[in-house]
>>> print(open('structure30.cif').read())   # mmCIF, C-alpha atoms and all ligand atoms
data_input
loop_
_atom_site.label_atom_id
_atom_site.label_comp_id
_atom_site.auth_asym_id
_atom_site.auth_seq_id
_atom_site.Cartn_x
_atom_site.Cartn_y
_atom_site.Cartn_z
CA MET A 13 150.02 156.80 60.99
CA LYS A 14 146.45 155.63 60.86
CA SER A 15 144.60 155.51 64.17
CA ASN A 16 141.62 153.37 65.01
CA ILE A 17 138.82 153.47 67.58
CA SER A 18 140.61 151.22 70.09
CA ASP A 19 143.62 153.59 70.07
CA LYS A 20 141.28 156.48 70.90
CA ARG A 21 139.64 154.47 73.70
CA GLU A 22 143.11 153.71 75.05
CA LEU A 23 143.94 157.43 75.03
CA LEU A 24 140.69 158.31 76.79
CA SER A 25 140.94 155.50 79.33
CA GLU A 26 142.20 155.79 82.87
CA ARG A 27 144.32 153.36 84.86
CA CYS A 28 143.56 152.35 88.41
CA ASP A 29 146.33 153.75 90.61
CA TRP A 30 146.03 150.67 92.85
CA CYS A 31 145.90 147.66 90.50
CA GLY A 32 146.70 149.22 87.12
CA ALA A 33 143.48 147.99 85.49
CA VAL A 34 142.45 150.01 82.45
CA ILE A 35 139.09 151.75 82.93
CA ARG A 36 137.48 152.46 79.59
CA ASP A 37 133.83 152.94 80.51
CA GLY A 38 134.09 156.08 82.65
CA SER A 39 133.34 154.16 85.86
CA GLU A 40 136.50 155.28 87.66
CA HIS A 41 136.30 156.58 91.24
CA TYR A 42 138.19 159.63 92.52
CA SER A 43 138.95 161.05 95.93
CA LEU A 44 141.26 163.73 97.24
CA ALA A 45 144.08 162.48 99.48
CA PRO A 46 146.83 164.46 101.21
CA ASP A 47 150.26 163.93 99.60
CA PRO A 48 153.12 166.37 100.29
CA SER A 49 155.19 164.88 97.47
CA LEU A 50 152.77 166.33 94.93
CA ILE A 51 152.68 169.96 93.88
CA LEU A 52 149.99 170.83 91.37
CA SER A 53 150.98 173.15 88.55
CA SER A 54 147.81 175.15 89.09
CA ASP A 55 148.52 175.80 92.78
CA PRO A 56 151.99 175.09 94.17
CA ARG A 57 150.68 175.40 97.72
CA LEU A 58 148.58 172.27 97.50
CA GLY A 59 149.85 168.85 98.48
CA ASP A 60 146.81 166.85 97.52
CA ARG A 61 146.63 163.93 95.14
CA LEU A 62 143.56 162.86 93.19
CA PRO A 63 143.82 159.06 93.17
CA ASN A 64 141.93 157.23 90.47
CA ALA A 65 140.60 153.72 91.06
CA CYS A 66 138.60 151.03 89.31
CA SER A 67 136.38 150.36 92.34
CA LYS A 68 135.36 151.79 95.68
CA GLU A 69 137.51 149.13 97.38
CA HIS A 70 140.64 150.13 95.47
CA LEU A 71 139.90 153.81 96.07
CA ALA A 72 139.65 153.06 99.80
CA ALA A 73 142.98 151.18 99.65
CA LEU A 74 144.63 154.13 97.89
CA TYR A 75 143.21 156.65 100.31
CA ASP A 76 144.40 154.50 103.23
CA HIS A 77 147.88 154.32 101.66
CA TYR A 78 148.13 158.11 101.37
CA ARG A 79 146.50 158.65 104.79
CA ARG A 80 149.17 156.47 106.44
CA ARG A 81 152.02 158.20 104.62
CA PRO A 82 153.46 160.88 106.92
CA PHE A 83 152.60 164.37 105.76
CA VAL A 84 155.89 166.24 106.05
CA GLN A 85 155.48 169.99 105.57
CA GLU A 86 159.14 170.34 104.61
CA GLU A 87 158.60 167.92 101.72
CA LEU A 88 155.77 170.07 100.43
CA TRP A 89 157.91 173.20 100.85
CA ALA A 90 160.77 171.52 98.96
CA GLY A 91 158.41 171.07 96.02
CA ARG A 92 157.44 174.73 96.16
CA ILE A 93 161.10 175.79 96.24
CA ALA A 94 161.96 173.43 93.37
CA ARG A 95 159.08 174.90 91.34
CA ALA A 96 160.36 178.44 92.00
CA LEU A 97 163.88 177.45 90.96
CA GLU A 98 162.58 175.77 87.79
CA ASN A 99 160.72 178.92 86.81
CA THR A 100 163.72 181.22 86.98
CA THR A 101 166.60 181.70 84.60
CA GLY A 102 169.02 183.10 87.17
CA GLU A 103 169.67 183.17 90.84
CA LEU A 104 166.95 184.01 93.33
CA THR A 105 167.44 186.34 96.26
CA ALA A 106 165.90 185.40 99.59
CA LYS A 107 163.09 187.87 98.88
CA ASP A 108 162.56 186.39 95.39
CA LEU A 109 162.31 182.95 96.96
CA THR A 110 159.90 183.99 99.70
CA ASP A 111 157.77 185.85 97.15
CA ALA A 112 157.75 182.93 94.71
CA THR A 113 157.00 180.24 97.29
CA GLY A 114 154.92 182.05 99.88
CA LEU A 115 157.29 180.62 102.51
CA ASN A 116 159.09 182.63 105.16
CA LEU A 117 162.84 182.39 105.79
CA GLU A 118 162.39 180.08 108.80
CA GLN A 119 160.35 177.65 106.68
CA ILE A 120 162.96 177.78 103.91
CA GLU A 121 165.72 177.04 106.46
CA ARG A 122 163.70 174.13 107.93
CA CYS A 123 163.24 172.82 104.39
CA ARG A 124 166.97 173.08 103.66
CA ALA A 125 167.78 171.19 106.88
CA TRP A 126 165.20 168.52 106.00
CA LEU A 127 166.69 168.11 102.50
CA GLU A 128 170.20 167.76 103.94
CA ALA A 129 168.94 165.12 106.37
CA GLN A 130 167.33 163.23 103.47
CA LEU A 131 170.58 163.36 101.47
CA TYR A 132 172.57 162.16 104.48
CA ARG A 133 170.08 159.34 105.11
CA HIS A 134 170.21 158.35 101.44
CA ALA A 135 174.03 158.41 101.37
CA ALA A 136 174.28 156.37 104.59
CA ALA A 137 171.80 153.74 103.40
CA PRO A 138 173.14 150.41 102.06
CA GLY A 139 174.12 151.04 98.45
CA GLY A 140 174.14 154.82 99.02
CA ALA A 141 176.97 157.18 98.09
CA ALA A 142 178.70 156.72 101.47
CA SER A 143 179.11 152.99 100.77
CA ASP A 144 180.69 153.58 97.35
CA THR A 145 184.32 152.47 97.71
CA ARG A 146 185.33 153.41 94.15
CA ARG A 147 186.22 156.97 95.17
ZN ZN B 201 141.89 148.71 90.76
#
>>> encode(input="structure30.cif", output="structure tokens")
Amino acid sequence: MKSNISDKRELLSERCDWCGAVIRDGSEHYSLAPDPSLILSSDPRLGDRLPNACSKEHLAALYDHYRRRPFVQEELWAGRIARALENTTGELTAKDLTDATGLNLEQIERCRAWLEAQLYRHAAAPGGAASDTRR
């Protein structure tokens, strides 16, 4: 397939995380915002997002959005545990899991309880598994 210059610009462009505008001229704005739902591949301990915006106003809106979102440690730990489980071919012992995540057993237990609470909340929500009458 033959490519042209506009295809390359599209590949090199960024999208504003707030409004979705394509930024082709390198004028995007970045800032680091706390986000426990994000685990970077380079450092699974981080929970920071690097929002990208077309303007200072949209960057401020994004940062405000992430700042208002509750930072739940257990959510960040769940990501670290999921990463450890993804990177193994077999079962992990408790020591394997603590070594791979940097978490202690109490943190892992708090994370497990948090995940169960999320599953229960999801199942109990309208349209969730608990409301499915086809069983
Ligand atoms: Zn924007």
>>> residues_near_ligand(input="structure30.cif", ligand="ligand ZN 201 (chain B)", cutoff="9 Å", atoms="only C-alpha atoms and all ligand atoms", output="PyMOL selection string")
chain A and resi 27-35+64-71
>>> axis_aligned_box(input="structure30.cif", around="stretch 77-95 of chain A", padding_each_side="5 Å", output="AutoDock Vina command-line options")
--center_x 154.2 --center_y 165.1 --center_z 99.1 --size_x 25.5 --size_y 31.5 --size_z 25.6
>>> closest_residue(input="structure30.cif", among="A:Glu40, A:Glu121, A:Asp47, A:Glu128", to="A:Leu88", atoms="all atoms listed in the file")
A:Asp47
>>> closest_residue(input="structure30.cif", among="A:Gly140, A:Gly114, A:Gly59, A:Pro46", to="A:Ile93", atoms="all atoms listed in the file")
A:Gly114
>>> atom_distance(input="structure30.cif", atom1="atom CA of A:Asp108", atom2="atom CA of A:Arg133")
29.7 Å
>>> atom_distance(input="structure30.cif", atom1="atom CA of A:Arg95", atom2="atom CA of A:Leu117")
16.7 Å
>>> closest_residue(input="structure30.cif", among="A:Tyr42, A:Trp126, A:Trp89, A:Tyr132", to="A:Leu74", atoms="all atoms listed in the file")
A:Tyr42
>>> residues_near_point(input="structure30.cif", point="(160.6, 172.8, 108.0)", cutoff="9 Å", atoms="all atoms listed in the file", output="number ranges by chain")
A: 84-87, 89, 118-126
>>> write_last_selection(input="structure30.cif", atoms="C-alpha atoms", output="PDB file, in the coordinates of the input")
ATOM      1  CA  VAL A  84     155.890 166.240 106.050  1.00  0.00           C
ATOM      2  CA  GLN A  85     155.480 169.990 105.570  1.00  0.00           C
ATOM      3  CA  GLU A  86     159.140 170.340 104.610  1.00  0.00           C
ATOM      4  CA  GLU A  87     158.600 167.920 101.720  1.00  0.00           C
ATOM      5  CA  TRP A  89     157.910 173.200 100.850  1.00  0.00           C
ATOM      6  CA  GLU A 118     162.390 180.080 108.800  1.00  0.00           C
ATOM      7  CA  GLN A 119     160.350 177.650 106.680  1.00  0.00           C
ATOM      8  CA  ILE A 120     162.960 177.780 103.910  1.00  0.00           C
ATOM      9  CA  GLU A 121     165.720 177.040 106.460  1.00  0.00           C
ATOM     10  CA  ARG A 122     163.700 174.130 107.930  1.00  0.00           C
ATOM     11  CA  CYS A 123     163.240 172.820 104.390  1.00  0.00           C
ATOM     12  CA  ARG A 124     166.970 173.080 103.660  1.00  0.00           C
ATOM     13  CA  ALA A 125     167.780 171.190 106.880  1.00  0.00           C
ATOM     14  CA  TRP A 126     165.200 168.520 106.000  1.00  0.00           C
TER      15      TRP A 126
END
>>> closest_residue(input="structure30.cif", among="A:His41, A:Gly91, A:Ala96, A:His134", to="A:Thr110", atoms="all atoms listed in the file")
A:Ala96
>>> atom_distance(input="structure30.cif", atom1="atom CA of A:Pro82", atom2="atom CA of A:Gly139")
24.4 Å
